[in-house]
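Working notes, beginning with the structure itself.
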Amino acid sequence: MRDDLMDDVEQQDSEPIAPSVIDRYYTRWYRTDLKGKECEDYCILQHSNRICVLTLAETHPVLQNGRSIKTINYQISNGCSRLNNRVSGKSKRGGQFLTDFAPVCRITCTDDTEYTVYSCIRGRLLEVNENILERPALLLEKPSTEGYIAVILPKFEESKSITENLLSREEFEKVVAKRSRSQSPAS
């Protein structure tokens, strides 16, 4: 190969990869051990316009050990289905109001283990991801993008304070590292 061609190939290989849309436009926040359930961690992607996308953190048990999903159910109780959420207008009126501990959906794995996914933040439910009902594998394959759980809009006056109960990426990594140290056998 000619030297000038080799230089071009090497230069292309060393160019930095552009950050993903998630990394460019969203801040990642984490909620760990919600309701005392260790390792049931969530990731909240917060956009500068206040909108928050609820996803499973990469450490959530659903995403571990090659699990498969049997069902995802947005029917929370006999009288409450997140699928019946109707939002209208510029101010997103009519969306169901969620508290930090409001269940959003239930995920049942093929080993019959069931996980309840909580909202983690206060706000109006704008939408749930109906695509994961038809294709549950999206939740496993692309949890931060196409496999998201729901979109939540915090109240304007609370939008700055919603992160008080959440962890930054660095804080989350420390929690995960501490967990793995405590779970590993003593040497």
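Identifiers in this document derive from the order of the structure tokens: chains are assigned A, B, ..., residues are numbered from 1 separately in each chain, and ligands are numbered from 1 in order of occurrence.
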Next item on the list: Report as JSON, numbers by chain: the residues of chain A with a DSSP assignment of strand (DSSP E), based on the backbone of this structure.
Entry: {"A": [26, 27, 28, 29, 30, 31, 42, 43, 44, 45, 46, 47, 52, 53, 54, 55, 56, 69, 70, 71, 72, 73, 75, 76, 77, 80, 81, 97, 98, 103, 104, 105, 106, 107, 108, 109, 114, 115, 116, 117, 118, 123, 124, 125, 126, 127, 128, 150, 151, 152, 153]}
Note to self: Can you tell me which residues surround Asp23 of chain A at a distance of at most 12 Å, considering only C-alpha atoms, apart from same-chain residues fewer than 2 positions away, and format the answer as a ChimeraX atom specification?
What the structure shows: /A:17-21,25-29,45-47,144-145,169
Go ahead and save the picked residues with C-alpha atoms, as a PDB file, in the first residue's frame.
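Okay, result36.pdb is ready:
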ATOM      1  CA  ILE A  17     -16.092   8.958  17.612  1.00  0.00           C
ATOM      2  CA  ALA A  18     -18.832  11.563  17.953  1.00  0.00           C
ATOM      3  CA  PRO A  19     -20.870  11.255  21.170  1.00  0.00           C
ATOM      4  CA  SER A  20     -24.288   9.643  20.895  1.00  0.00           C
ATOM      5  CA  VAL A  21     -27.463  11.734  20.933  1.00  0.00           C
ATOM      6  CA  TYR A  25     -28.322  16.171  24.844  1.00  0.00           C
ATOM      7  CA  TYR A  26     -29.204  14.313  28.051  1.00  0.00           C
ATOM      8  CA  THR A  27     -27.763  14.195  31.539  1.00  0.00           C
ATOM      9  CA  ARG A  28     -27.728  10.715  33.054  1.00  0.00           C
ATOM     10  CA  TRP A  29     -29.036  10.420  36.615  1.00  0.00           C
ATOM     11  CA  LEU A  45     -32.126  10.750  31.121  1.00  0.00           C
ATOM     12  CA  GLN A  46     -32.846  14.447  31.694  1.00  0.00           C
ATOM     13  CA  HIS A  47     -33.008  16.813  28.729  1.00  0.00           C
ATOM     14  CA  SER A 144     -31.328   3.740  26.841  1.00  0.00           C
ATOM     15  CA  THR A 145     -32.884   4.416  23.444  1.00  0.00           C
ATOM     16  CA  ARG A 169     -22.735   8.901  36.883  1.00  0.00           C
TER      17      ARG A 169
END
What are the closest atom pairs, with distances in Å to one decimal, for all residues of segment 14-86 of chain A lying within 7 Å of segment 118-141 of chain A? Consider only C-alpha atoms, order rows by chain and residue number, and present the result as a tab-separated table.
residue	atom	partner	partner_atom	distance
A:Arg31	CA	A:Cys120	CA	6.7
A:Leu63	CA	A:Leu140	CA	5.9
A:Ile69	CA	A:Pro136	CA	6.2
A:Ile72	CA	A:Leu133	CA	6.0
A:Leu83	CA	A:Val128	CA	6.9
Just the selected residues (C-alpha atoms), exported as a tab-separated table (two decimals), in the first residue's frame, please.
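Contents of out18.tsv, freshly written:
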chain	number	residue	atom	x	y	z
A	31	ARG	CA	-31.63	5.88	41.35
A	63	LEU	CA	-30.47	-6.77	31.95
A	69	ILE	CA	-38.59	-11.07	29.04
A	72	ILE	CA	-44.30	-6.15	30.15
A	83	LEU	CA	-51.65	2.85	28.71
Item checked: Within 7 Å of Glu40 of chain A using only C-alpha atoms, minus same-chain residues under 4 positions, as a PyMOL selection string -> chain A and resi 32-34+60-61
Margin query: Give me, as number ranges by chain, the residues of segment 10-162 of chain A that a backbone DSSP run labels helix (DSSP H, G or I).
Written below: A: 10-14, 21-25, 34-36, 61-63, 82-84, 131-134, 137-141, 156-158, 161-162
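Nearest to Thr55 of chain A of all the residues A:Lys142, A:Lys155, A:Lys178, A:Lys90 is A:Lys142, counting only C-alpha atoms.
For the choices A:Leu153, A:Leu167, A:Ile162, A:Tyr30, the atom-to-atom distance to Gly94 of chain A is smallest for A:Leu153 when using only C-alpha atoms.
Counting only C-alpha atoms and comparing A:Phe156, A:Lys70, A:Asp41, A:Thr116, the residue that lies closest to Ser91 of chain A is A:Phe156.
Taking atom CA of Tyr148 of chain A and atom CA of Asn165 of chain A as the two end points, the separation is 20.6 Å.
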